[in-house]
file upload.cif (mmCIF, C-alpha atoms)
data_query
loop_
_atom_site.label_atom_id
_atom_site.label_comp_id
_atom_site.auth_asym_id
_atom_site.auth_seq_id
_atom_site.Cartn_x
_atom_site.Cartn_y
_atom_site.Cartn_z
CA MET A 1 110.96 95.10 98.18
CA SER A 2 111.23 98.85 98.65
CA ASP A 3 109.25 100.73 101.28
CA ALA A 4 107.30 102.40 98.48
CA GLY A 5 106.48 99.00 97.01
CA ARG A 6 105.29 97.72 100.37
CA ALA A 7 103.23 100.85 100.91
CA ALA A 8 101.63 100.44 97.48
CA GLU A 9 100.81 96.80 98.25
CA ALA A 10 99.39 97.73 101.65
CA GLU A 11 97.19 100.34 100.01
CA LEU A 12 96.02 97.88 97.36
CA VAL A 13 95.17 95.31 100.03
CA ALA A 14 93.34 97.94 102.08
CA ARG A 15 91.25 98.83 99.04
CA CYS A 16 90.42 95.16 98.52
CA ARG A 17 89.37 94.81 102.15
CA SER A 18 87.01 97.71 101.73
CA GLY A 19 85.27 95.89 98.90
CA GLU A 20 86.89 97.56 95.89
CA LEU A 21 86.63 94.92 93.22
CA ASP A 22 88.91 96.88 90.88
CA ALA A 23 91.72 96.64 93.40
CA PHE A 24 91.27 92.88 93.72
CA GLU A 25 91.22 92.57 89.95
CA ASP A 26 94.57 94.40 89.87
CA ILE A 27 96.00 91.73 92.14
CA TYR A 28 94.45 89.02 89.96
CA ARG A 29 95.94 90.51 86.79
CA GLN A 30 99.33 90.79 88.44
CA TYR A 31 99.60 87.26 89.85
CA SER A 32 97.07 85.02 88.13
CA THR A 33 99.33 83.75 85.34
CA ARG A 34 102.15 82.80 87.67
CA LEU A 35 99.81 81.16 90.14
CA TYR A 36 97.99 79.38 87.34
CA ASN A 37 101.27 77.92 86.09
CA LEU A 38 102.14 76.80 89.59
CA ALA A 39 98.73 75.16 89.96
CA TYR A 40 98.90 73.64 86.49
CA ARG A 41 102.24 72.00 87.20
CA MET A 42 101.22 70.90 90.65
CA VAL A 43 98.04 69.15 89.49
CA GLY A 44 99.00 68.50 85.89
CA ASN A 45 95.91 69.53 83.93
CA ALA A 46 94.32 72.75 82.73
CA ALA A 47 90.78 72.23 84.03
CA ASP A 48 91.91 71.54 87.59
CA ALA A 49 94.36 74.43 87.38
CA ASP A 50 91.52 76.82 86.44
CA ASP A 51 89.49 75.58 89.41
CA LEU A 52 92.48 75.91 91.70
CA LEU A 53 93.19 79.44 90.50
CA GLN A 54 89.62 80.41 91.33
CA GLU A 55 89.91 78.76 94.73
CA ILE A 56 93.26 80.44 95.41
CA PHE A 57 91.88 83.93 94.76
CA LEU A 58 88.66 83.39 96.67
CA THR A 59 90.67 82.06 99.60
CA ALA A 60 93.05 85.00 99.27
CA TYR A 61 90.17 87.47 99.48
CA ARG A 62 88.73 85.74 102.55
CA LYS A 63 92.15 85.74 104.22
CA LEU A 64 93.23 89.26 103.29
CA ASP A 65 92.86 90.25 106.92
CA THR A 66 95.73 87.90 107.75
CA PHE A 67 98.09 89.65 105.33
CA ARG A 68 100.28 91.75 107.60
CA GLY A 69 102.80 92.90 105.01
CA ASP A 70 105.63 90.95 106.71
CA SER A 71 106.36 89.37 103.35
CA ALA A 72 105.65 90.58 99.86
CA LEU A 73 102.12 90.10 98.63
CA GLY A 74 103.43 87.73 95.94
CA THR A 75 105.14 85.52 98.51
CA TRP A 76 101.97 85.49 100.61
CA LEU A 77 99.88 84.53 97.57
CA TYR A 78 102.29 81.76 96.56
CA ARG A 79 102.22 80.33 100.07
CA LEU A 80 98.46 80.40 100.08
CA GLY A 81 98.31 79.04 96.51
CA MET A 82 100.69 76.22 97.28
CA ASN A 83 98.63 75.23 100.32
CA VAL A 84 95.48 75.17 98.20
CA CYS A 85 97.26 72.97 95.64
CA LEU A 86 98.66 70.60 98.25
CA ASP A 87 95.26 70.31 99.96
CA ARG A 88 93.70 69.42 96.62
CA LEU A 89 96.39 66.84 95.84
CA ARG A 90 96.14 65.27 99.26
CA SER A 91 92.39 65.04 99.23
CA LYS A 92 92.55 63.60 95.71
CA ALA A 93 95.19 61.10 96.79
CA ALA A 94 93.15 60.19 99.85
CA ARG A 95 90.05 59.64 97.69
CA GLN A 96 91.98 57.46 95.26
CA ASP A 97 93.98 55.89 98.09
CA GLN A 98 97.18 56.22 96.13
CA ALA A 99 100.66 57.29 96.96
CA THR A 100 101.92 60.46 95.32
CA ASP A 101 105.62 59.91 95.97
CA MET A 102 106.05 58.14 92.69
CA LEU A 103 109.77 58.66 92.28
CA ASP A 104 110.80 58.76 95.90
CA ASP A 105 112.98 55.72 95.73
CA ARG A 106 114.21 56.18 92.25
CA ILE A 107 117.07 58.59 92.73
CA GLY A 108 119.96 56.90 91.13
CA HIS A 109 123.44 57.81 90.18
CA THR A 110 123.74 55.83 87.05
CA ALA A 111 126.83 56.88 85.23
CA HIS A 112 126.11 58.52 81.89
CA GLU A 113 128.66 59.94 79.59
CA THR A 114 126.35 61.57 77.05
CA ARG A 115 124.66 64.77 78.00
CA LEU A 116 120.93 64.96 78.52
CA SER A 117 118.70 66.59 75.99
CA VAL A 118 115.47 67.98 77.49
CA ASN A 119 112.28 68.71 75.65
CA ARG A 120 109.37 70.55 77.22
CA LEU A 121 106.85 67.72 77.15
CA ASP A 122 109.20 65.26 78.79
CA LEU A 123 110.13 67.78 81.41
CA GLU A 124 106.44 68.46 82.18
CA ARG A 125 105.88 64.73 82.62
CA ALA A 126 108.93 64.39 84.82
CA ILE A 127 107.78 67.27 87.01
CA LYS A 128 104.34 65.71 87.34
CA ALA A 129 105.94 62.48 88.51
CA LEU A 130 107.86 64.18 91.32
CA PRO A 131 106.83 63.80 94.95
CA GLU A 132 104.82 66.81 96.19
CA GLY A 133 107.56 68.31 98.34
CA SER A 134 110.34 68.33 95.79
CA ARG A 135 107.90 69.23 93.00
CA ALA A 136 106.81 72.30 94.94
CA ALA A 137 110.39 73.33 95.69
CA PHE A 138 111.51 72.72 92.09
CA LEU A 139 108.59 74.72 90.66
CA LEU A 140 109.16 77.63 92.99
CA HIS A 141 112.94 77.73 92.57
CA ASP A 142 113.76 76.54 89.07
CA VAL A 143 110.55 77.50 87.28
CA GLU A 144 109.25 80.55 89.16
CA GLY A 145 112.65 81.88 90.08
CA PHE A 146 112.31 82.34 93.85
CA ASP A 147 115.53 82.05 95.83
CA HIS A 148 115.85 79.35 98.46
CA HIS A 149 115.08 81.74 101.30
CA GLU A 150 111.78 82.68 99.64
CA VAL A 151 111.00 79.06 98.81
CA GLY A 152 111.55 78.26 102.48
CA ARG A 153 109.12 80.98 103.51
CA ILE A 154 106.48 79.88 101.03
CA LEU A 155 106.69 76.20 101.91
CA GLY A 156 107.38 76.69 105.60
CA ILE A 157 110.69 74.85 105.44
CA ALA A 158 114.32 75.76 106.14
CA GLU A 159 116.44 77.26 103.38
CA GLY A 160 118.73 74.22 103.49
CA THR A 161 115.73 71.93 103.12
CA SER A 162 114.70 73.89 100.04
CA LYS A 163 118.16 73.37 98.51
CA SER A 164 118.00 69.69 99.28
CA GLN A 165 114.49 69.31 97.84
CA VAL A 166 115.39 71.14 94.64
CA HIS A 167 118.50 69.02 94.21
CA LYS A 168 116.52 65.81 94.73
CA ALA A 169 113.96 67.03 92.22
CA ARG A 170 116.65 67.63 89.60
CA LEU A 171 118.19 64.21 90.22
CA ARG A 172 114.76 62.53 89.95
CA ILE A 173 113.94 64.43 86.78
CA ARG A 174 117.28 63.36 85.34
CA GLU A 175 116.57 59.72 86.12
CA PHE A 176 113.08 60.06 84.66
CA LEU A 177 114.40 61.61 81.47
CA ARG A 178 117.18 59.06 81.18
CA GLN A 179 114.65 56.24 81.07
CA PRO A 180 113.51 55.08 77.68
CA ALA A 181 110.21 56.82 76.92
CA PRO A 182 107.17 54.52 76.87
CA GLU A 183 105.51 54.06 73.48
CA SER A 184 102.36 55.87 74.68
CA ALA A 185 104.38 58.90 75.57
CA LYS A 186 106.16 58.87 72.23
CA HIS A 187 102.97 58.83 70.19
CA GLY A 188 100.30 60.37 72.40
CA ALA A 189 102.06 63.14 74.26
CA ARG A 190 99.76 65.20 76.43
CA THR A 191 100.03 68.92 76.06
CA MET B 1 138.36 63.32 95.31
CA ASN B 2 136.20 60.41 94.20
CA CYS B 3 132.80 60.35 92.46
CA GLU B 4 130.87 59.88 95.73
CA THR B 5 132.43 63.01 97.24
CA TYR B 6 131.80 64.87 94.03
CA ARG B 7 128.11 63.91 93.99
CA GLN B 8 127.72 65.09 97.58
CA SER B 9 128.99 68.52 96.64
CA VAL B 10 127.58 68.94 93.16
CA GLN B 11 124.46 70.71 94.46
CA ALA B 12 126.57 73.33 96.22
CA LEU B 13 128.67 73.67 93.06
CA ILE B 14 125.59 74.42 90.95
CA GLU B 15 124.18 76.79 93.57
CA GLY B 16 127.48 78.64 93.71
CA ASP B 17 127.84 77.94 97.42
CA LEU B 18 131.43 76.68 97.34
CA ASP B 19 134.57 78.66 98.05
CA GLN B 20 137.25 78.84 95.37
CA GLU B 21 139.34 76.01 96.81
CA GLN B 22 136.39 73.61 97.00
CA GLN B 23 135.30 74.59 93.53
CA ARG B 24 138.76 73.97 92.09
CA ALA B 25 138.85 70.52 93.71
CA LEU B 26 135.54 69.55 92.11
CA GLU B 27 136.55 70.92 88.76
CA ALA B 28 139.77 68.96 88.93
CA HIS B 29 137.81 65.78 89.50
CA ALA B 30 135.29 66.57 86.75
CA ALA B 31 138.16 67.16 84.31
CA THR B 32 139.11 63.51 84.69
CA CYS B 33 135.63 61.97 85.15
CA ALA B 34 133.14 62.05 82.25
CA ALA B 35 130.27 60.72 84.41
CA CYS B 36 130.56 63.49 87.01
CA ARG B 37 131.02 66.06 84.27
CA THR B 38 127.84 64.82 82.61
CA LEU B 39 125.96 64.78 85.92
CA THR B 40 126.74 68.45 86.49
CA ALA B 41 125.85 69.39 82.92
CA ASP B 42 122.55 67.46 83.15
CA LEU B 43 121.52 69.13 86.40
CA GLU B 44 122.32 72.55 84.96
CA THR B 45 120.36 71.70 81.82
CA ILE B 46 117.33 70.69 83.89
CA ARG B 47 117.57 73.86 85.97
CA ASP B 48 117.73 75.99 82.83
CA ALA B 49 114.94 74.05 81.13
CA GLY B 50 112.71 74.60 84.17
CA HIS B 51 113.31 78.30 83.99
CA ALA B 52 112.53 78.31 80.27
CA LEU B 53 109.24 76.42 80.56
CA GLU B 54 106.56 78.26 78.68
CA ARG B 55 103.89 80.21 80.52
CA ARG B 56 100.38 78.97 80.14
CA THR B 57 97.45 81.28 80.59
CA PRO B 58 94.32 80.55 82.60
CA SER B 59 90.89 80.41 80.98
CA LYS B 60 89.48 83.85 80.36
CA ASP B 61 86.37 83.11 82.37
CA VAL B 62 88.23 82.45 85.64
CA TRP B 63 88.11 86.10 86.71
CA ALA B 64 84.43 86.29 85.79
CA ARG B 65 83.77 83.25 87.99
CA ILE B 66 85.74 84.75 90.85
CA GLN B 67 83.91 88.04 90.46
CA LEU B 68 80.53 86.33 90.45
CA GLN B 69 81.27 84.29 93.54
CA LEU B 70 82.93 87.17 95.35
CA THR B 71 80.07 89.58 94.86
CA ALA B 72 77.67 86.98 96.23
CA GLU B 73 79.65 86.64 99.46
CA PRO B 74 78.22 88.43 102.53
CA SER B 75 81.68 89.57 103.68
CA PHE B 76 82.30 91.27 100.34
CA GLN B 77 78.82 92.80 100.29
CA ASN B 78 79.30 94.14 103.82
CA ALA B 79 82.70 95.63 102.97
CA THR B 80 81.24 97.24 99.85
CA ALA B 81 78.26 98.63 101.75
CA GLU B 82 80.52 100.07 104.46
CA ARG B 83 82.78 101.64 101.85
CA ARG B 84 79.86 103.21 100.02
CA THR B 85 78.58 104.65 103.28
CA ARG B 86 82.02 106.08 104.02
CA ASP B 87 82.30 107.46 100.49
CA ALA B 88 78.88 109.09 100.77
CA GLU B 89 79.83 110.64 104.10
CA ALA B 90 83.14 111.82 102.68
CA ALA B 91 81.34 113.30 99.69
CA ALA B 92 78.98 115.10 102.03
CA ARG B 93 81.92 116.38 104.05
CA SER B 94 83.70 117.37 100.87
CA ALA B 95 80.65 119.33 99.78
CA HIS B 96 80.59 120.94 103.21
CA TRP B 97 84.28 121.74 102.95
CA ASN B 98 84.03 122.80 99.35
CA TRP B 99 86.34 125.76 99.37
CA PRO B 100 84.38 128.14 97.08
CA VAL B 101 81.32 127.63 99.27
CA LEU B 102 83.36 128.24 102.37
CA ALA B 103 85.05 131.21 100.79
CA MET B 104 81.68 132.66 99.89
CA ALA B 105 80.39 131.99 103.40
CA ALA B 106 83.47 133.57 104.89
CA SER B 107 83.05 136.58 102.60
CA LEU B 108 79.45 136.96 103.72
CA LEU B 109 80.48 136.76 107.35
CA ILE B 110 83.16 139.34 106.72
CA ALA B 111 80.58 141.54 105.09
CA LEU B 112 78.42 141.09 108.17
CA VAL B 113 81.31 142.03 110.39
CA ALA B 114 82.05 145.02 108.22
CA GLY B 115 78.37 145.94 108.36
CA SER B 116 78.31 145.57 112.12
CA LEU B 117 81.35 147.74 112.42
CA TYR B 118 79.67 150.31 110.21
CA VAL B 119 76.60 150.25 112.47
CA VAL B 120 78.78 150.45 115.55
CA ASN B 121 80.67 153.33 113.98
CA LEU B 122 77.42 155.11 113.17
CA SER B 123 76.26 154.70 116.73
CA ARG B 124 79.54 156.20 117.89
CA THR B 125 79.29 159.12 115.40
CA PRO B 126 76.83 161.89 116.23
CA ALA B 127 74.28 162.45 113.43
CA PRO B 128 74.27 165.89 111.85
CA GLY B 129 72.28 168.26 113.96
CA THR B 130 72.18 165.92 116.88
CA ASN B 131 72.32 167.67 120.16
CA THR B 132 75.42 166.40 121.80
CA ALA B 133 73.92 167.40 125.07
CA ALA B 134 71.15 164.83 124.49
CA ARG B 135 73.78 162.15 124.23
CA GLY B 136 75.19 163.49 127.39
CA ASN B 137 71.88 162.78 129.05
CA ALA B 138 72.42 159.09 128.80
CA THR B 139 73.90 157.74 131.95
CA SER B 140 77.51 156.64 131.85
CA GLY B 141 76.45 153.08 132.82
CA GLU B 142 73.92 152.82 129.96
CA LEU B 143 76.52 154.06 127.48
CA VAL B 144 79.10 151.54 128.66
CA GLN B 145 76.53 148.76 128.44
CA SER B 146 75.48 149.83 124.96
CA ILE B 147 79.05 149.99 123.69
CA GLU B 148 79.89 146.62 125.17
CA SER B 149 76.75 145.07 123.68
CA GLU B 150 77.56 146.42 120.22
CA LEU B 151 81.14 145.31 120.51
CA ASP B 152 80.04 141.84 121.56
CA GLN B 153 77.74 141.59 118.54
CA ALA B 154 80.53 142.67 116.22
CA ALA B 155 82.91 140.26 117.90
CA ALA B 156 80.43 137.39 117.47
CA HIS B 157 80.24 138.01 113.72
CA TYR B 158 83.95 138.47 113.67
CA GLU B 159 84.56 135.11 115.38
CA LYS B 160 82.28 133.39 112.87
CA ALA B 161 84.22 134.93 110.00
CA ILE B 162 87.48 133.79 111.57
CA ALA B 163 86.09 130.27 112.00
CA GLY B 164 85.03 130.26 108.35
CA LEU B 165 88.45 131.35 107.24
CA GLU B 166 90.13 128.74 109.38
CA GLN B 167 87.92 126.08 107.84
CA VAL B 168 88.97 127.22 104.38
CA ALA B 169 92.62 127.52 105.33
CA ASN B 170 92.71 124.16 107.10
CA ALA B 171 90.88 122.30 104.35
CA SER B 172 93.05 119.57 102.86
CA ASP B 173 92.80 121.16 99.42
CA SER B 174 93.75 124.63 100.59
CA PRO B 175 95.87 126.16 97.85
CA LEU B 176 97.89 128.29 100.29
CA ASP B 177 101.40 127.18 101.03
CA PRO B 178 102.51 126.72 104.66
CA GLU B 179 104.97 129.63 104.52
CA LEU B 180 102.27 132.05 103.47
CA MET B 181 99.94 130.68 106.14
CA THR B 182 102.64 131.35 108.73
CA THR B 183 102.90 134.96 107.55
CA LEU B 184 99.13 135.35 107.65
CA LYS B 185 98.90 133.91 111.14
CA ALA B 186 101.66 136.21 112.34
CA ASN B 187 99.80 139.21 110.92
CA LEU B 188 96.56 138.05 112.47
CA GLY B 189 98.35 137.67 115.79
CA VAL B 190 99.55 141.29 115.64
CA ILE B 191 96.02 142.49 114.87
CA ASP B 192 94.56 140.33 117.64
CA GLN B 193 96.95 141.91 120.09
CA ALA B 194 95.84 145.37 118.95
CA ILE B 195 92.19 144.33 119.38
CA ASN B 196 92.84 143.04 122.91
CA ASP B 197 94.71 146.20 123.86
CA SER B 198 91.89 148.39 122.52
CA ARG B 199 89.29 146.34 124.38
CA THR B 200 91.23 146.71 127.60
CA ALA B 201 91.48 150.45 127.05
CA LEU B 202 87.75 150.65 126.29
CA LYS B 203 86.85 148.82 129.46
CA ALA B 204 88.88 151.29 131.42
CA GLN B 205 87.43 154.28 129.50
CA PRO B 206 84.24 153.25 127.67
CA THR B 207 83.67 156.72 126.24
CA SER B 208 87.20 157.19 124.95
CA GLN B 209 86.97 158.13 121.28
CA LEU B 210 90.59 157.14 120.76
CA ALA B 211 90.10 153.65 122.21
CA GLN B 212 86.96 153.13 120.11
CA GLU B 213 88.65 154.23 116.91
CA SER B 214 91.65 152.09 117.71
CA LEU B 215 89.46 149.02 118.19
CA PHE B 216 87.49 149.60 114.99
CA GLU B 217 90.64 150.23 113.05
CA ALA B 218 92.00 146.85 114.26
CA PHE B 219 88.74 145.19 113.25
CA ARG B 220 88.90 146.78 109.81
CA ARG B 221 92.47 145.61 109.34
CA LYS B 222 91.50 142.09 110.26
CA VAL B 223 88.50 142.13 107.95
CA ALA B 224 90.71 143.39 105.10
CA LEU B 225 93.25 140.67 105.79
CA LEU B 226 90.56 138.00 105.73
CA GLN B 227 89.15 139.35 102.48
CA ASP B 228 92.60 139.41 100.88
CA THR B 229 93.26 135.86 102.03
CA ILE B 230 90.10 134.64 100.40
CA ALA B 231 90.86 136.63 97.26
CA LEU B 232 94.27 134.98 97.15
CA MET B 233 92.68 131.54 97.48
CA ASN B 234 90.34 132.41 94.63
CA GLU B 235 93.20 133.47 92.37
CA MET B 236 95.29 130.41 93.18
CA ARG B 237 92.38 128.09 92.67
CA LYS B 238 91.69 129.67 89.29
CA GLY B 239 95.37 129.22 88.41
CA ASN B 240 95.84 132.95 88.01
CA GLN B 241 99.44 133.23 89.15
CA ALA B 242 99.73 136.94 88.34
CA GLY B 243 96.59 137.76 90.31
CA ALA B 244 97.72 135.56 93.18
CA ALA B 245 101.13 137.27 93.23
CA ARG B 246 99.48 140.71 93.43
CA VAL B 247 97.26 139.69 96.32
CA ALA B 248 100.10 137.88 98.09
CA GLU B 249 102.25 140.99 97.82
CA SER B 250 99.57 143.09 99.46
CA LEU B 251 99.15 140.41 102.13
CA ASN B 252 102.84 140.43 102.91
CA LYS B 253 102.64 144.16 103.35
CA SER B 254 99.70 143.85 105.74
#
call {"tool": "encode", "arguments": {"input": "upload.cif", "output": "structure tokens"}}
result
Amino acid sequence: MSDAGRAAEAELVARCRSGELDAFEDIYRQYSTRLYNLAYRMVGNAADADDLLQEIFLTAYRKLDTFRGDSALGTWLYRLGMNVCLDRLRSKAARQDQATDMLDDRIGHTAHETRLSVNRLDLERAIKALPEGSRAAFLLHDVEGFDHHEVGRILGIAEGTSKSQVHKARLRIREFLRQPAPESAKHGART
Amino acid sequence: MNCETYRQSVQALIEGDLDQEQQRALEAHAATCAACRTLTADLETIRDAGHALERRTPSKDVWARIQLQLTAEPSFQNATAERRTRDAEAAARSAHWNWPVLAMAASLLIALVAGSLYVVNLSRTPAPGTNTAARGNATSGELVQSIESELDQAAAHYEKAIAGLEQVANASDSPLDPELMTTLKANLGVIDQAINDSRTALKAQPTSQLAQESLFEAFRRKVALLQDTIALMNEMRKGNQAGAARVAESLNKS
């Protein structure tokens, strides 16, 4: 990001800190859709994603004092947003006492000679079935378009770990999509 | 290369992290292995499909909910209250620094200075029919004290006018450019030097007509310069470039 961009972000954040709601709304307008999509694909449903988006922005406002401008505001918001999503998933998993790493042991290298055809609904289901770590990395890299360095900063992992997580996610998605679709998925696809 | 080696490197291949030699080796294997070729194509398809996933939009009421909750939070209310206080203070300061008001105040002070100088001049000039001998009756000490007192009064008004001008000139919205301000300050410095020299001469010879006239002439020049400066600010603020140019020209000649 350019110095001018950083300066503009710093000014916007300063205005937010001083209680200018318009400035905070600017940030919301700029990042809400991307963060909503991240939340939606992390938790898998629209109602929870709306709640998470609200929680992300309220948390962001409360933590604005911790934004030092070392990273771009977007990166900072994604990091914060991802933490909010992961906290929600973990507390939900703890309440339901269930494991979230549904496909952890299902990476296979089955030989296929016909190329995969991907439709959106199947891909959404496959993403939802990913373990948290590789789902987060896949969403940030392949869906949101961050590079591995940025993904590492957002998730607090090394760049190499990001590459590895994204690769595992793609392999798991491939295996998921290569499986015959269950009848319920064929006829009652969730949107 | 076998399939196992290929699979270990396929991630780097897709990421574009391999050098040309490594890439050629993988491509050579893929050319002979349909399974590895398909694996690479599948992973690229998934990557591209992820990037092409449609954007969903949040419910329209999310911002309203955030706004409602935010405005109810004490930290937000405190920040807003502090900002409003600061804004009110800044507005008050802005009103105080409002340049037309300052310009008018400075003009009034200049008028006062000019008036004082006129009074001082009158006191120095014998009235028609006045017996000069009567003036001569005043003691030299009283005369010196009187002159110094009048000069001090004029100087006090003068200093106020200068302070007013400086406030106008230093205001953040001053329309004068730095180069012109430098010229003005240089001219003021020359006049100040003349004033100091005249004062020194007057102290040495309080009754010296030449020293008095020299001092008052320096005061008049400074008053005229201040008035022209304010006139220039007026013209520039009004956007009257021609008027500003005329005043600036006379200033540069000062």
call {"tool": "atom_distance", "arguments": {"input": "upload.cif", "atom1": "atom CA of A:Asp48", "atom2": "atom CA of A:Leu86"}}
result
12.7 Å
call {"tool": "resolve_selection", "arguments": {"input": "upload.cif", "expression": "the PyMOL selection byres ((chain B) within 8 of (chain A))", "output": "PyMOL selection string"}}
result
chain B and resi 11+34-36+38-39+41-43+45-53+55-59+62-63+65-67+70+76-80+82-83
call {"tool": "atom_distance", "arguments": {"input": "upload.cif", "atom1": "atom CA of A:Arg79", "atom2": "atom CA of A:Ala4"}}
result
22.7 Å
call {"tool": "atom_distance", "arguments": {"input": "upload.cif", "atom1": "atom CA of A:Arg41", "atom2": "atom CA of A:Ala136"}}
result
9.0 Å
call {"tool": "resolve_selection", "arguments": {"input": "upload.cif", "expression": "the PyMOL selection byres ((chain B and resi 222) around 10)", "output": "JSON, numbers by chain"}}
result
{"B": [110, 158, 162, 187, 188, 189, 190, 191, 192, 195, 216, 217, 218, 219, 220, 221, 223, 224, 225, 226, 227, 228, 254]}
call {"tool": "resolve_selection", "arguments": {"input": "upload.cif", "expression": "the PyMOL selection byres ((chain A and resi 133) around 9)", "output": "PyMOL selection string"}}
result
chain A and resi 101+130-132+134-138+155+165+169
call {"tool": "residues_around", "arguments": {"input": "upload.cif", "residues": "stretch 199-201 of chain B", "least_positions_apart": "5", "cutoff": "10 Å", "atoms": "all atoms listed in the file", "output": "list of chain:residue names"}}
result
B:Glu148, B:Leu151, B:Gln193, B:Ala194, B:Pro206, B:Ser208, B:Leu210, B:Ala211, B:Gln212, B:Ser214, B:Leu215
call {"tool": "closest_residue", "arguments": {"input": "upload.cif", "among": "A:Arg178, A:Arg6, A:Arg153, A:Lys128", "to": "A:Met42", "atoms": "all atoms listed in the file"}}
result
A:Lys128
call {"tool": "residues_near_point", "arguments": {"input": "upload.cif", "point": "(117.3, 80.1, 99.6)", "cutoff": "9 Å", "atoms": "only C-alpha atoms", "output": "PyMOL selection string"}}
result
chain A and resi 141+146-152+158-160+162-163
call {"tool": "residues_around", "arguments": {"input": "upload.cif", "residues": "A:Tyr31", "least_positions_apart": "5", "cutoff": "9 Å", "atoms": "all atoms listed in the file", "output": "list in words"}}
result
Asp26, Tyr36, Gly74 and Leu77 of chain A
call {"tool": "residues_around", "arguments": {"input": "upload.cif", "residues": "B:Gln23", "least_positions_apart": "3", "cutoff": "12 Å", "atoms": "all atoms listed in the file", "output": "MDAnalysis selection string"}}
result
chainID B and resid 1 6 9:20 26:30
call {"tool": "residues_around", "arguments": {"input": "upload.cif", "residues": "A:Arg88", "least_positions_apart": "4", "cutoff": "10 Å", "atoms": "all atoms listed in the file", "output": "list in words"}}
result
Met42, Val43, Asp48, Leu52, Met82, Asn83, Val84, Lys92, Ala93 and Ala94 of chain A
call {"tool": "build_atoms", "arguments": {"input": "upload.cif", "residues": "stretch 9-20 of chain A", "atoms": "N, CA and C atoms", "output": "PDB file, in the frame of the given file"}}
result
ATOM      1  N   GLU A   9     101.516  98.072  98.034  1.00  0.00           N
ATOM      2  CA  GLU A   9     100.810  96.800  98.250  1.00  0.00           C
ATOM      3  C   GLU A   9      99.825  96.917  99.398  1.00  0.00           C
ATOM      4  N   ALA A  10     100.272  97.570 100.476  1.00  0.00           N
ATOM      5  CA  ALA A  10      99.390  97.730 101.650  1.00  0.00           C
ATOM      6  C   ALA A  10      98.141  98.516 101.272  1.00  0.00           C
ATOM      7  N   GLU A  11      98.343  99.530 100.430  1.00  0.00           N
ATOM      8  CA  GLU A  11      97.190 100.340 100.010  1.00  0.00           C
ATOM      9  C   GLU A  11      96.239  99.521  99.136  1.00  0.00           C
ATOM     10  N   LEU A  12      96.839  98.718  98.243  1.00  0.00           N
ATOM     11  CA  LEU A  12      96.020  97.880  97.360  1.00  0.00           C
ATOM     12  C   LEU A  12      95.204  96.877  98.193  1.00  0.00           C
ATOM     13  N   VAL A  13      95.863  96.285  99.176  1.00  0.00           N
ATOM     14  CA  VAL A  13      95.170  95.310 100.030  1.00  0.00           C
ATOM     15  C   VAL A  13      94.060  96.003 100.829  1.00  0.00           C
ATOM     16  N   ALA A  14      94.348  97.199 101.319  1.00  0.00           N
ATOM     17  CA  ALA A  14      93.340  97.940 102.080  1.00  0.00           C
ATOM     18  C   ALA A  14      92.110  98.227 101.211  1.00  0.00           C
ATOM     19  N   ARG A  15      92.373  98.572  99.962  1.00  0.00           N
ATOM     20  CA  ARG A  15      91.250  98.830  99.040  1.00  0.00           C
ATOM     21  C   ARG A  15      90.443  97.569  98.807  1.00  0.00           C
ATOM     22  N   CYS A  16      91.135  96.443  98.691  1.00  0.00           N
ATOM     23  CA  CYS A  16      90.420  95.160  98.520  1.00  0.00           C
ATOM     24  C   CYS A  16      89.553  94.874  99.729  1.00  0.00           C
ATOM     25  N   ARG A  17      90.124  95.083 100.918  1.00  0.00           N
ATOM     26  CA  ARG A  17      89.370  94.810 102.150  1.00  0.00           C
ATOM     27  C   ARG A  17      88.112  95.649 102.240  1.00  0.00           C
ATOM     28  N   SER A  18      88.189  96.848 101.644  1.00  0.00           N
ATOM     29  CA  SER A  18      87.010  97.710 101.730  1.00  0.00           C
ATOM     30  C   SER A  18      86.039  97.442 100.571  1.00  0.00           C
ATOM     31  N   GLY A  19      86.247  96.313  99.896  1.00  0.00           N
ATOM     32  CA  GLY A  19      85.270  95.890  98.900  1.00  0.00           C
ATOM     33  C   GLY A  19      85.449  96.518  97.528  1.00  0.00           C
ATOM     34  N   GLU A  20      86.658  97.005  97.238  1.00  0.00           N
ATOM     35  CA  GLU A  20      86.890  97.560  95.890  1.00  0.00           C
ATOM     36  C   GLU A  20      87.304  96.417  94.957  1.00  0.00           C
TER      37      GLU A  20
END
